[in-house]
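**Student:** Next comes work-v3.txt, compact mmCIF, C-alpha atoms:
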```
# COMPACT_ATOMS: atom_id res chain seq x y z
CA MET A 1 -2.03 -25.22 -1.95
CA LYS A 2 -2.95 -27.76 -4.58
CA LEU A 3 -1.02 -29.23 -7.50
CA ALA A 4 -1.88 -27.41 -10.72
CA ASP A 5 -2.93 -29.18 -13.89
CA ASN A 6 0.24 -28.11 -15.69
CA LYS A 7 3.95 -28.47 -14.91
CA ALA A 8 6.89 -26.24 -15.69
CA THR A 9 9.81 -27.49 -17.76
CA LEU A 10 13.19 -25.77 -17.54
CA SER A 11 15.39 -26.39 -20.57
CA PHE A 12 19.04 -25.39 -21.07
CA SER A 13 20.76 -24.22 -24.22
CA ASN A 14 24.00 -25.98 -23.28
CA GLY A 15 22.53 -29.43 -23.79
CA SER A 16 21.95 -30.27 -20.12
CA PRO A 17 18.83 -32.38 -19.55
CA SER A 18 15.57 -30.51 -18.97
CA ILE A 19 14.06 -30.37 -15.50
CA GLU A 20 10.38 -30.75 -14.77
CA MET A 21 9.04 -28.82 -11.79
CA PRO A 22 5.61 -28.99 -10.14
CA VAL A 23 3.27 -25.99 -10.32
CA TYR A 24 0.96 -25.22 -7.40
CA SER A 25 -2.19 -23.10 -7.27
CA GLY A 26 -3.48 -21.05 -4.39
CA ASN A 27 -7.14 -20.16 -3.92
CA ILE A 28 -6.59 -16.82 -5.68
CA GLY A 29 -3.56 -15.15 -7.21
CA PRO A 30 -0.77 -16.40 -9.50
CA ASP A 31 0.34 -20.03 -9.59
CA VAL A 32 3.81 -20.81 -8.25
CA ILE A 33 6.61 -22.98 -9.61
CA ASP A 34 8.12 -25.20 -6.94
CA ILE A 35 11.90 -24.82 -7.31
CA ARG A 36 12.92 -26.46 -4.03
CA LYS A 37 14.72 -29.30 -5.84
CA LEU A 38 16.27 -27.10 -8.52
CA TYR A 39 19.73 -26.94 -6.93
CA GLY A 40 19.83 -30.68 -6.26
CA GLN A 41 18.90 -31.49 -9.85
CA SER A 42 20.83 -28.80 -11.70
CA GLY A 43 23.46 -27.37 -9.31
CA MET A 44 21.99 -23.89 -9.95
CA PHE A 45 20.10 -21.32 -7.91
CA THR A 46 17.54 -18.78 -9.06
CA TYR A 47 18.46 -15.07 -8.99
CA ASP A 48 15.74 -12.68 -7.82
CA PRO A 49 16.97 -9.47 -6.09
CA GLY A 50 14.27 -8.06 -3.83
CA PHE A 51 12.33 -11.34 -4.18
CA LEU A 52 10.04 -9.67 -6.73
CA SER A 53 9.05 -13.01 -8.29
CA THR A 54 9.58 -15.38 -5.37
CA ALA A 55 6.99 -16.77 -2.96
CA SER A 56 8.86 -17.48 0.28
CA CYS A 57 5.93 -19.16 2.01
CA GLN A 58 2.31 -20.17 1.73
CA SER A 59 -0.07 -17.99 3.73
CA ALA A 60 -3.80 -17.76 4.40
CA ILE A 61 -3.81 -14.38 6.15
CA THR A 62 -3.68 -11.44 3.72
CA TYR A 63 -4.11 -11.19 -0.03
CA ILE A 64 -3.35 -8.21 -2.27
CA ASP A 65 -4.40 -7.84 -5.90
CA GLY A 66 -2.32 -4.88 -7.03
CA ASP A 67 -3.98 -4.61 -10.43
CA LYS A 68 -7.50 -4.46 -8.98
CA GLY A 69 -6.50 -2.36 -5.97
CA GLU A 70 -7.86 -5.02 -3.59
CA LEU A 71 -6.78 -5.91 -0.05
CA LEU A 72 -8.31 -8.85 1.83
CA TYR A 73 -7.80 -9.84 5.47
CA ARG A 74 -8.72 -13.53 5.76
CA GLY A 75 -10.90 -13.07 2.67
CA TYR A 76 -12.73 -9.96 3.87
CA PRO A 77 -12.29 -6.71 1.85
CA ILE A 78 -10.53 -3.99 3.82
CA GLU A 79 -13.37 -1.57 3.03
CA GLN A 80 -15.91 -3.76 4.83
CA LEU A 81 -13.68 -4.31 7.85
CA ALA A 82 -12.82 -0.62 8.22
CA ASN A 83 -16.48 0.35 8.09
CA SER A 84 -17.89 -2.46 10.26
CA LEU A 85 -15.33 -3.52 12.88
CA ASP A 86 -13.00 -1.98 15.41
CA TYR A 87 -9.29 -2.72 15.57
CA LEU A 88 -9.44 -5.45 18.22
CA ASP A 89 -12.10 -7.37 16.29
CA THR A 90 -9.77 -7.10 13.27
CA CYS A 91 -6.96 -8.46 15.46
CA TYR A 92 -9.13 -11.41 16.43
CA LEU A 93 -9.82 -12.08 12.75
CA LEU A 94 -6.15 -11.96 11.76
CA LEU A 95 -5.06 -14.19 14.64
CA SER A 96 -7.84 -16.78 14.53
CA GLY A 97 -8.94 -16.72 10.90
CA GLU A 98 -12.58 -15.92 11.67
CA LEU A 99 -14.58 -12.91 12.85
CA PRO A 100 -15.48 -12.93 16.56
CA VAL A 101 -19.04 -13.97 17.27
CA GLY A 102 -21.07 -12.70 20.23
CA GLN A 103 -19.19 -13.17 23.49
CA GLN A 104 -15.92 -13.89 21.68
CA SER A 105 -15.53 -10.20 20.87
CA LYS A 106 -16.20 -9.07 24.46
CA ASP A 107 -13.87 -11.72 25.88
CA PHE A 108 -11.05 -10.77 23.51
CA HIS A 109 -11.43 -7.06 24.25
CA LYS A 110 -11.35 -7.81 27.98
CA LEU A 111 -8.30 -10.07 27.64
CA VAL A 112 -6.30 -7.42 25.79
CA ASN A 113 -7.40 -4.70 28.22
CA ASN A 114 -6.16 -6.78 31.15
CA HIS A 115 -2.60 -6.63 29.80
CA THR A 116 -2.20 -2.95 28.91
CA MET A 117 0.14 -2.08 31.78
CA VAL A 118 3.88 -2.70 31.53
CA ASN A 119 6.36 -3.67 34.21
CA GLU A 120 7.36 -0.58 36.20
CA GLN A 121 11.03 -1.42 35.70
CA LEU A 122 10.62 -0.53 32.00
CA GLN A 123 10.45 3.11 33.07
CA PHE A 124 14.01 2.89 34.38
CA PHE A 125 15.12 1.15 31.20
CA LEU A 126 13.50 3.92 29.16
CA ARG A 127 15.25 6.63 31.16
CA GLY A 128 18.58 5.31 29.93
CA PHE A 129 17.85 6.83 26.50
CA ARG A 130 18.60 10.44 25.61
CA ARG A 131 15.49 12.63 25.62
CA ASP A 132 16.03 13.52 21.97
CA ALA A 133 16.41 9.89 20.80
CA HIS A 134 14.25 8.94 17.82
CA PRO A 135 11.10 7.16 19.07
CA MET A 136 11.79 4.20 16.78
CA ALA A 137 15.19 3.69 18.39
CA VAL A 138 13.47 3.73 21.77
CA LEU A 139 10.70 1.36 20.65
CA THR A 140 13.12 -1.15 19.15
CA GLY A 141 14.88 -1.30 22.51
CA LEU A 142 11.72 -1.44 24.60
CA ILE A 143 10.08 -4.21 22.58
CA GLY A 144 13.27 -6.26 22.50
CA ALA A 145 13.54 -5.81 26.27
CA LEU A 146 10.07 -7.28 26.86
CA SER A 147 11.57 -10.76 26.69
CA ALA A 148 13.63 -9.87 29.78
CA PHE A 149 10.51 -8.79 31.68
CA TYR A 150 8.08 -11.45 30.45
CA HIS A 151 10.38 -14.47 30.13
CA ASP A 152 7.54 -16.86 30.97
CA SER A 153 6.28 -16.67 27.37
CA THR A 154 9.40 -16.76 25.20
CA ASP A 155 9.28 -20.29 23.76
CA ILE A 156 8.26 -19.72 20.16
CA ASN A 157 7.54 -23.44 19.70
CA ASN A 158 5.01 -23.47 22.56
CA PRO A 159 1.51 -22.50 21.28
CA GLU A 160 0.45 -21.25 24.71
CA HIS A 161 3.56 -19.07 24.98
CA ARG A 162 2.87 -17.65 21.52
CA HIS A 163 -0.71 -16.85 22.51
CA ILE A 164 0.33 -15.12 25.75
CA SER A 165 3.07 -13.10 24.05
CA ALA A 166 0.65 -12.13 21.25
CA ILE A 167 -1.86 -10.70 23.72
CA ARG A 168 0.89 -8.95 25.67
CA LEU A 169 2.37 -7.34 22.57
CA ILE A 170 -0.96 -6.12 21.19
CA ALA A 171 -1.99 -4.79 24.61
CA LYS A 172 1.29 -3.14 25.56
CA LEU A 173 2.31 -1.49 22.27
CA PRO A 174 0.04 1.56 22.78
CA THR A 175 1.49 1.95 26.28
CA LEU A 176 5.07 1.71 25.01
CA VAL A 177 4.52 4.10 22.09
CA SER A 178 2.91 6.69 24.36
CA MET A 179 5.73 6.26 26.92
CA ALA A 180 8.32 6.89 24.21
CA TYR A 181 6.44 10.07 23.25
CA LYS A 182 5.96 11.33 26.81
CA TYR A 183 9.60 10.71 27.64
CA GLY A 184 10.72 12.73 24.63
CA VAL A 185 8.60 15.76 25.54
CA GLY A 186 9.38 15.56 29.26
CA GLN A 187 5.84 14.84 30.45
CA PRO A 188 4.85 12.22 33.06
CA PHE A 189 3.73 8.82 31.80
CA VAL A 190 -0.03 8.25 31.73
CA TYR A 191 -1.24 4.83 32.83
CA PRO A 192 -3.78 3.00 30.64
CA GLN A 193 -7.47 3.21 31.48
CA ASN A 194 -9.14 -0.02 30.52
CA ASN A 195 -12.71 1.22 30.32
CA LEU A 196 -11.76 3.08 27.13
CA SER A 197 -11.51 1.63 23.65
CA TYR A 198 -8.13 0.53 22.31
CA ALA A 199 -7.78 3.70 20.20
CA GLY A 200 -9.31 5.94 22.89
CA ASN A 201 -6.91 4.58 25.48
CA PHE A 202 -3.96 5.30 23.18
CA LEU A 203 -5.07 8.90 22.60
CA ARG A 204 -5.49 9.45 26.33
CA MET A 205 -2.06 8.01 27.14
CA MET A 206 -0.56 10.22 24.44
CA PHE A 207 -2.20 13.55 25.23
CA ALA A 208 -3.58 13.53 28.78
CA VAL A 209 -1.71 15.35 31.55
CA PRO A 210 -2.27 14.99 35.31
CA CYS A 211 -3.29 18.62 35.79
CA GLU A 212 -6.50 18.46 33.76
CA GLU A 213 -9.17 16.05 32.62
CA TYR A 214 -8.86 14.50 29.17
CA VAL A 215 -11.98 13.57 27.20
CA VAL A 216 -11.50 11.43 24.11
CA ASN A 217 -12.87 13.03 20.93
CA PRO A 218 -14.96 10.31 19.19
CA VAL A 219 -14.04 11.55 15.69
CA LEU A 220 -10.32 11.31 16.48
CA GLU A 221 -10.87 7.99 18.25
CA ARG A 222 -12.49 6.51 15.15
CA ALA A 223 -9.76 7.98 12.93
CA MET A 224 -7.06 6.39 15.06
CA ASP A 225 -8.88 3.07 15.05
CA ARG A 226 -9.12 3.18 11.26
CA ILE A 227 -5.40 3.90 10.95
CA PHE A 228 -4.75 0.80 13.06
CA ILE A 229 -7.08 -1.38 10.94
CA LEU A 230 -5.64 -0.22 7.61
CA HIS A 231 -2.07 -0.92 8.74
CA ALA A 232 -2.71 -4.22 10.55
CA ASP A 233 -1.21 -6.46 7.85
CA HIS A 234 -0.06 -6.25 4.26
CA GLU A 235 1.12 -9.62 3.00
CA GLN A 236 4.87 -10.46 2.72
CA ASN A 237 6.35 -6.95 2.90
CA ALA A 238 9.88 -6.18 4.11
CA SER A 239 9.12 -6.04 7.85
CA THR A 240 6.83 -9.08 7.77
CA SER A 241 9.47 -11.05 5.90
CA THR A 242 11.99 -9.87 8.51
CA VAL A 243 9.78 -11.14 11.35
CA ARG A 244 9.38 -14.50 9.60
CA LEU A 245 13.11 -14.80 8.87
CA CYS A 246 14.03 -13.81 12.42
CA GLY A 247 11.44 -16.16 13.90
CA SER A 248 12.60 -19.02 11.70
CA SER A 249 15.74 -19.28 13.84
CA GLY A 250 13.56 -20.08 16.86
CA THR A 251 14.12 -16.77 18.61
CA ASN A 252 11.47 -15.52 21.03
CA PRO A 253 8.41 -13.61 19.75
CA PHE A 254 9.45 -10.32 21.36
CA ALA A 255 12.82 -10.40 19.58
CA ALA A 256 11.16 -11.26 16.25
CA ILE A 257 8.73 -8.35 16.58
CA ALA A 258 11.58 -6.00 17.57
CA ALA A 259 13.33 -7.04 14.34
CA GLY A 260 10.19 -6.12 12.42
CA VAL A 261 10.09 -2.70 14.09
CA ALA A 262 13.72 -2.10 13.13
CA CYS A 263 12.96 -2.96 9.49
CA LEU A 264 9.82 -0.82 9.49
CA TRP A 265 11.90 2.19 10.52
CA GLY A 266 13.34 2.52 7.01
CA PRO A 267 12.05 5.49 4.94
CA ALA A 268 11.20 3.21 2.02
CA HIS A 269 8.84 1.20 4.25
CA GLY A 270 7.20 2.43 7.45
CA GLY A 271 8.92 5.78 7.31
CA ALA A 272 7.11 6.75 4.11
CA ASN A 273 4.41 8.81 5.86
CA GLU A 274 7.09 10.62 7.84
CA ALA A 275 8.97 11.33 4.59
CA CYS A 276 5.71 12.59 3.06
CA LEU A 277 5.11 15.15 5.82
CA ASN A 278 8.73 16.25 5.62
CA MET A 279 8.26 16.80 1.89
CA LEU A 280 5.17 18.96 2.50
CA GLU A 281 7.05 21.03 5.07
CA ASP A 282 9.92 21.51 2.62
CA ILE A 283 7.49 22.80 -0.03
CA GLN A 284 5.96 25.08 2.58
CA LYS A 285 9.40 26.55 3.30
CA MET A 286 9.93 27.09 -0.45
CA GLY A 287 6.82 29.27 -0.62
CA GLY A 288 3.82 27.01 -0.07
CA ILE A 289 0.97 26.58 -2.54
CA SER A 290 2.48 29.02 -5.01
CA LYS A 291 5.40 26.61 -5.43
CA VAL A 292 3.39 23.39 -5.87
CA GLY A 293 3.36 23.60 -9.67
CA GLU A 294 7.10 24.25 -9.76
CA PHE A 295 7.74 21.35 -7.39
CA MET A 296 5.66 18.94 -9.49
CA GLU A 297 7.56 19.94 -12.63
CA LYS A 298 10.79 19.03 -10.84
CA VAL A 299 9.25 15.68 -9.94
CA LYS A 300 8.64 15.04 -13.65
CA ASP A 301 12.27 15.84 -14.45
CA LYS A 302 14.23 12.64 -13.86
CA ASN A 303 17.47 14.60 -13.63
CA SER A 304 16.26 16.83 -10.78
CA GLY A 305 16.50 14.15 -8.09
CA VAL A 306 13.21 15.41 -6.59
CA LYS A 307 10.88 12.61 -5.46
CA LEU A 308 7.15 12.72 -4.83
CA MET A 309 6.54 10.99 -1.49
CA GLY A 310 3.18 9.50 -0.56
CA PHE A 311 2.15 8.70 -4.13
CA GLY A 312 2.23 5.39 -5.97
CA HIS A 313 2.92 1.96 -4.48
CA ARG A 314 5.20 -0.94 -5.30
CA VAL A 315 2.34 -3.45 -5.16
CA TYR A 316 -0.76 -1.45 -6.09
CA LYS A 317 -0.80 -0.66 -9.80
CA ASN A 318 -4.20 0.87 -9.29
CA TYR A 319 -5.52 3.06 -6.46
CA ASP A 320 -4.50 1.92 -2.97
CA PRO A 321 -7.84 0.81 -1.40
CA ARG A 322 -6.61 1.96 2.00
CA ALA A 323 -6.02 5.46 0.62
CA LYS A 324 -9.70 5.87 -0.29
CA LEU A 325 -10.72 5.04 3.27
CA MET A 326 -8.01 7.24 4.76
CA GLN A 327 -9.04 10.13 2.51
CA GLU A 328 -12.54 10.03 4.01
CA THR A 329 -11.09 9.97 7.52
CA CYS A 330 -8.74 12.82 6.64
CA ASP A 331 -11.62 15.04 5.58
CA GLU A 332 -13.60 14.16 8.75
CA VAL A 333 -10.67 14.94 11.06
CA LEU A 334 -9.76 18.24 9.38
CA LYS A 335 -13.40 19.34 9.55
CA GLU A 336 -13.74 18.30 13.20
CA LEU A 337 -10.61 20.22 14.19
CA GLY A 338 -11.33 23.23 11.96
CA LEU A 339 -8.11 22.74 10.04
CA GLU A 340 -9.46 22.90 6.49
CA ASN A 341 -7.59 26.19 6.02
CA ASP A 342 -4.35 25.13 7.70
CA PRO A 343 -1.55 26.08 5.24
CA LEU A 344 0.09 22.65 5.25
CA PHE A 345 -3.19 20.83 4.71
CA LYS A 346 -4.20 23.21 1.91
CA LEU A 347 -0.82 22.49 0.37
CA ALA A 348 -1.45 18.75 0.61
CA LYS A 349 -4.83 19.17 -1.10
CA ALA A 350 -3.22 21.18 -3.92
CA LEU A 351 -0.62 18.44 -4.40
CA GLU A 352 -3.34 15.79 -4.40
CA LYS A 353 -5.38 17.69 -7.01
CA ILE A 354 -2.47 17.92 -9.45
CA ALA A 355 -1.56 14.25 -9.00
CA LEU A 356 -5.16 13.16 -9.68
CA GLU A 357 -5.58 15.36 -12.77
CA ASP A 358 -2.17 15.67 -14.44
CA ASP A 359 -1.71 13.12 -17.26
CA TYR A 360 1.90 12.50 -16.23
CA PHE A 361 0.86 11.14 -12.83
CA VAL A 362 -2.46 9.59 -13.91
CA SER A 363 -0.83 7.64 -16.78
CA ARG A 364 1.78 6.31 -14.37
CA LYS A 365 -0.91 5.57 -11.77
CA LEU A 366 0.88 7.65 -9.16
CA TYR A 367 -2.19 8.02 -7.00
CA PRO A 368 -2.02 9.16 -3.35
CA ASN A 369 -1.33 6.14 -1.14
CA VAL A 370 -2.29 5.45 2.46
CA ASP A 371 0.91 7.10 3.75
CA PHE A 372 -0.09 10.44 2.22
CA TYR A 373 -3.40 10.67 4.07
CA SER A 374 -2.44 8.90 7.31
CA GLY A 375 0.46 11.31 7.81
CA ILE A 376 -1.88 14.28 7.43
CA VAL A 377 -4.40 12.76 9.86
CA GLN A 378 -1.77 11.98 12.48
CA ARG A 379 -0.30 15.48 12.29
CA ALA A 380 -3.78 16.95 12.70
CA ILE A 381 -4.41 14.79 15.76
CA GLY A 382 -1.16 16.05 17.28
CA ILE A 383 1.13 13.08 16.79
CA PRO A 384 4.66 14.33 16.00
CA VAL A 385 6.12 13.37 12.64
CA ASN A 386 8.93 11.29 14.14
CA LEU A 387 6.34 9.09 15.89
CA PHE A 388 4.36 8.22 12.74
CA THR A 389 6.35 5.03 12.18
CA GLY A 390 5.87 4.09 15.84
CA VAL A 391 2.11 4.24 15.33
CA PHE A 392 2.54 2.10 12.20
CA ALA A 393 4.50 -0.46 14.25
CA LEU A 394 1.76 -0.48 16.89
CA ALA A 395 -0.86 -1.28 14.24
CA ARG A 396 1.25 -3.83 12.34
CA THR A 397 2.20 -5.86 15.43
CA VAL A 398 -0.86 -8.09 15.15
CA GLY A 399 -0.07 -8.85 11.50
CA TRP A 400 3.49 -9.76 12.37
CA ILE A 401 2.30 -12.05 15.14
CA ALA A 402 -0.28 -13.74 12.91
CA GLN A 403 2.36 -14.32 10.23
CA LEU A 404 4.87 -15.62 12.80
CA ASN A 405 2.33 -18.03 14.29
CA GLU A 406 1.38 -19.25 10.82
CA MET A 407 5.03 -19.90 9.93
CA ILE A 408 5.77 -21.80 13.14
CA SER A 409 2.67 -23.96 12.59
CA ASP A 410 3.65 -24.77 8.99
CA PRO A 411 5.23 -28.29 8.84
CA GLU A 412 7.27 -27.15 5.81
CA TYR A 413 8.95 -24.20 7.53
CA LYS A 414 12.73 -24.12 7.80
CA ILE A 415 15.23 -21.57 8.99
CA GLY A 416 15.60 -18.94 6.28
CA ARG A 417 18.81 -19.21 4.29
CA PRO A 418 18.88 -17.24 1.01
CA ARG A 419 21.53 -18.12 -1.58
CA GLN A 420 23.74 -15.74 -3.54
CA LEU A 421 25.42 -15.09 -6.86
CA PHE A 422 29.05 -14.67 -5.76
CA THR A 423 31.00 -12.01 -7.68
CA GLY A 424 34.07 -11.63 -5.43
CA SER A 425 37.58 -12.93 -5.82
CA VAL A 426 38.14 -16.60 -6.54
CA ARG A 427 40.33 -18.59 -4.15
CA ARG A 428 43.81 -17.11 -3.70
CA ASP A 429 46.70 -17.70 -1.35
CA VAL A 430 48.41 -15.28 1.00
CA GLN A 431 51.85 -14.36 -0.34
CA ARG A 432 54.54 -13.67 2.28
```
Can you present the structure in this file as structure tokens?
**Tutor:**
Amino acid sequence: MKLADNKATLSFSNGSPSIEMPVYSGNIGPDVIDIRKLYGQSGMFTYDPGFLSTASCQSAITYIDGDKGELLYRGYPIEQLANSLDYLDTCYLLLSGELPVGQQSKDFHKLVNNHTMVNEQLQFFLRGFRRDAHPMAVLTGLIGALSAFYHDSTDINNPEHRHISAIRLIAKLPTLVSMAYKYGVGQPFVYPQNNLSYAGNFLRMMFAVPCEEYVVNPVLERAMDRIFILHADHEQNASTSTVRLCGSSGTNPFAAIAAGVACLWGPAHGGANEACLNMLEDIQKMGGISKVGEFMEKVKDKNSGVKLMGFGHRVYKNYDPRAKLMQETCDEVLKELGLENDPLFKLAKALEKIALEDDYFVSRKLYPNVDFYSGIVQRAIGIPVNLFTGVFALARTVGWIAQLNEMISDPEYKIGRPRQLFTGSVRRDVQR
């Protein structure tokens, strides 16, 4: 960051002296007011619930322009990356800052492939869960437990340890997600096969069974890879901020990523695509397409309590650029699987049509977001609804790691310690 040409002056109506604060500029995006010395100079904190106007760090990884509907990974538009690279090349970009060139891509793919297996003891750990446990509960436990199995790479302040744990996490997440799924449905675990692509390997571990050969469908393989790319990072969202805050204490990378998974589980964050599919199934139970108009009218009524899931976004005030890409993939997958006339997918299309044409939704820019389409694609592929967030966690792991590494390397980083506006009782004494 660089010092801006202007400074900010904070004045007080009670006669206290004004305070001058430096203003910094990034390469793109809004300037920031440096308030680090505010408390020391004034004895006051700022108040910003949800951190809607607070930059907690400086970062060079991901940039979002919500008004333009733009998402950049290391400066590259998401549209170009999704159409030109595979997921592991995108991982290399996020981790290193540059696109892999020539042999770098092959070497990185090979390195990740060499770490796809997990310690056999993890199977016994997994079997301690109930079969009907939510996959996110299982994943949070499994990822946190990795530090007990791979304790040779748990020093977050050691760059080599961070590199080893990064590769292990990226490589092993597809194995762990598929194990959580197989355990829940009572099928045997499928070991990774490293001659397949990252996405192809995941699909095989998810859906192959020992009694018959499994051939990866290239259309579904590409769809899965695109889902991974589009969810790889998304600036300082709730789970990323959680990983940074957790990592700021010096805890090991596996624990920090497990904390991110736990945060992602929430329906307002990673669980949004799961909530979207549940909404579609609820409408289907009400009567399907014939009830779409009635449902949308309830959405417009603020007193009804009915929410439209999978539309609009807290950051994007225009169309979510990831949604456009996912919409294309959605159409390709439905066509490939002959599901264009599936009742639930026809229902989703009817909902989409109204949202894109009705003035109420258009004026409020409640466009379909990436969760709307990715949920439909995953259901079509055969991924159960309660595993959607697990797939999201798999994809986002590389972003969390990149953000964690960036924070640890930042000479200005400190352990996170938010302040508060205290509204409880003042000091009082116990009366006996």
**Student:** If I take CA of Tyr39 (chain A) and CA of Thr240 (chain A), how far is one from the other in Å, to one decimal?
**Tutor:**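 So the two atoms, CA of Tyr39 (chain A) and CA of Thr240 (chain A), lie 26.5 Å apart.
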**Student:** Which one is closest to Leu421 (chain A): A:Gln41, A:Thr46, A:Asn83, A:Thr175? Count all atoms listed in the file.
**Tutor:** A:Thr46
**Student:** As a list of chain:residue names, please: the residues near Cys246 (chain A) (cut-off 10 Å, all atoms listed in the file, same-chain neighbours under 2 positions excluded).
**Tutor:**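 Using all atoms listed in the file, the neighbours found are A:Thr240, A:Ser241, A:Thr242, A:Val243, A:Arg244, A:Ser248, A:Ser249, A:Gly250, A:Thr251, A:Asn252, A:Pro253, A:Ala255, A:Ala256, A:Ile257, A:Ala258, A:Ala259, A:Gly260, A:Leu404, A:Ile415, A:Gly416.
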**Student:** Quick one, how far is CA of Asp86 (chain A) from CA of Phe372 (chain A)?
**Tutor:** 22.2 Å
**Student:** Might I get the box with edges along x, y and z of the file that holds all atoms of region 246-258 of chain A listed there, padded by 8 Å on every side, given as centre and edge lengths in Å to one decimal, as JSON?
**Tutor:**
```
{"center_x": 12.1, "center_y": -13.0, "center_z": 16.5, "size_x": 23.3, "size_y": 30.1, "size_z": 25.7}
```
**Student:** Identify, on the basis of only C-alpha atoms, every residue whose closest approach to Gly141 (chain A) does not exceed 10 Å; exclude the query and any residue fewer than 5 positions from it along the same chain; express the result as a VMD selection string.
**Tutor:** chain A and resid 125 to 126 129 135 to 136 146 255 258 261 to 262
**Student:** Which residues of region 202-228 of chain A come within 12 Å of region 161-174 of chain A, and what is each one's closest atom pair and distance in Å (one decimal), counting all atoms listed in the file, sorted by chain and residue number, as a tab-separated table?
**Tutor:**
```
residue	atom	partner	partner_atom	distance
A:Phe202	CA	A:Pro174	CA	5.5
A:Leu203	CA	A:Pro174	CA	8.9
A:Arg204	CA	A:Pro174	CA	10.3
A:Met205	CA	A:Pro174	CA	8.1
A:Met206	CA	A:Pro174	CA	8.8
A:Met224	CA	A:Pro174	CA	11.5
A:Asp225	CA	A:Pro174	CA	11.9
A:Phe228	CA	A:Pro174	CA	10.9
```
**Student:** Which neighbours of Glu221 (chain A) fall inside 6 Å, counting only C-alpha atoms, when residues of the same chain fewer than 2 positions from it are skipped, and could you give them as a list in words?
**Tutor:** Ala199, Gly200, Pro218, Val219, Ala223 and Met224 of chain A
**Student:** Contacts of Ile78 (chain A) at 9 Å or less, counting all atoms listed in the file, minus same-chain residues fewer than 6 places along, as a short mmCIF file (atom, residue, chain, number, x, y, z; two decimals) with C-alpha atoms, keeping the file's coordinate frame?
**Tutor:**
```cif
data_model
loop_
_atom_site.label_atom_id
_atom_site.label_comp_id
_atom_site.auth_asym_id
_atom_site.auth_seq_id
_atom_site.Cartn_x
_atom_site.Cartn_y
_atom_site.Cartn_z
CA GLU A 70 -7.86 -5.02 -3.59
CA LEU A 71 -6.78 -5.91 -0.05
CA LEU A 72 -8.31 -8.85 1.83
CA ILE A 229 -7.08 -1.38 10.94
CA LEU A 230 -5.64 -0.22 7.61
CA PRO A 321 -7.84 0.81 -1.40
CA ARG A 322 -6.61 1.96 2.00
#
```
**Student:** Please compute the CA of Phe422 (chain A)-CA of Tyr47 (chain A) distance, one decimal, in Å.
**Tutor:**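 Spanning CA of Phe422 (chain A) to CA of Tyr47 (chain A) is a straight-line distance of 11.1 Å.
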**Student:** Determine, counting all atoms listed in the file, which protein, DNA and RNA residues have an atom within 8 Å of an atom of Leu280 (chain A); residues of the same chain fewer than 4 positions away are not included. Present the result as a PyMOL selection string.
**Tutor:** chain A and resi 276+284+344+347-348
**Student:** Using only C-alpha atoms, which of A:Tyr373, A:Tyr316, A:Tyr73, A:Tyr63 sits nearest Leu334 (chain A)?
**Tutor:** A:Tyr373
**Student:** Which is closer to Arg379 (chain A) than all the others in A:Asn278, A:Gln104, A:Thr397, A:Ser96, using all atoms listed in the file?
**Tutor:**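 Among the listed residues, A:Asn278 lies closest to Arg379 (chain A).
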**Student:** For each of A:Asn217, A:Asn195, A:Thr90, A:Asn158, take the minimum atom-to-atom distance to Arg396 (chain A), counting all atoms listed in the file, then give the residue where this is smallest.
**Tutor:**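 Nearest candidate to Arg396 (chain A) out of A:Asn217, A:Asn195, A:Thr90, A:Asn158: A:Thr90.
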**Student:** Please determine, counting only C-alpha atoms, which residue among A:Ile381, A:Lys106, A:Arg130, A:Gln58 has the shortest atom-to-atom distance to Lys335 (chain A).
**Tutor:**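 Closest residue, counting only C-alpha atoms: A:Ile381.
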**Student:** When distances are computed from only C-alpha atoms, which of A:Val398, A:Ser42, A:Met1, A:Val333 shows the smallest separation from Tyr92 (chain A)?
**Tutor:**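 Smallest distance to Tyr92 (chain A) is found for A:Val398.
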**Student:** Go ahead and find all residues with at least one atom no further than 12 Å from (-1.3, -19.7, -7.8) in the file's coordinates, using all atoms listed in the file; report them as a CSV table (one decimal) with C-alpha atoms, keeping the file's coordinate frame.
**Tutor:**
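Now in selection.csv:
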```
chain,number,residue,atom,x,y,z
A,1,MET,CA,-2.0,-25.2,-2.0
A,2,LYS,CA,-3.0,-27.8,-4.6
A,3,LEU,CA,-1.0,-29.2,-7.5
A,4,ALA,CA,-1.9,-27.4,-10.7
A,5,ASP,CA,-2.9,-29.2,-13.9
A,6,ASN,CA,0.2,-28.1,-15.7
A,22,PRO,CA,5.6,-29.0,-10.1
A,23,VAL,CA,3.3,-26.0,-10.3
A,24,TYR,CA,1.0,-25.2,-7.4
A,25,SER,CA,-2.2,-23.1,-7.3
A,26,GLY,CA,-3.5,-21.0,-4.4
A,27,ASN,CA,-7.1,-20.2,-3.9
A,28,ILE,CA,-6.6,-16.8,-5.7
A,29,GLY,CA,-3.6,-15.2,-7.2
A,30,PRO,CA,-0.8,-16.4,-9.5
A,31,ASP,CA,0.3,-20.0,-9.6
A,32,VAL,CA,3.8,-20.8,-8.2
A,33,ILE,CA,6.6,-23.0,-9.6
A,34,ASP,CA,8.1,-25.2,-6.9
A,54,THR,CA,9.6,-15.4,-5.4
A,55,ALA,CA,7.0,-16.8,-3.0
A,58,GLN,CA,2.3,-20.2,1.7
A,59,SER,CA,-0.1,-18.0,3.7
A,63,TYR,CA,-4.1,-11.2,0.0
```
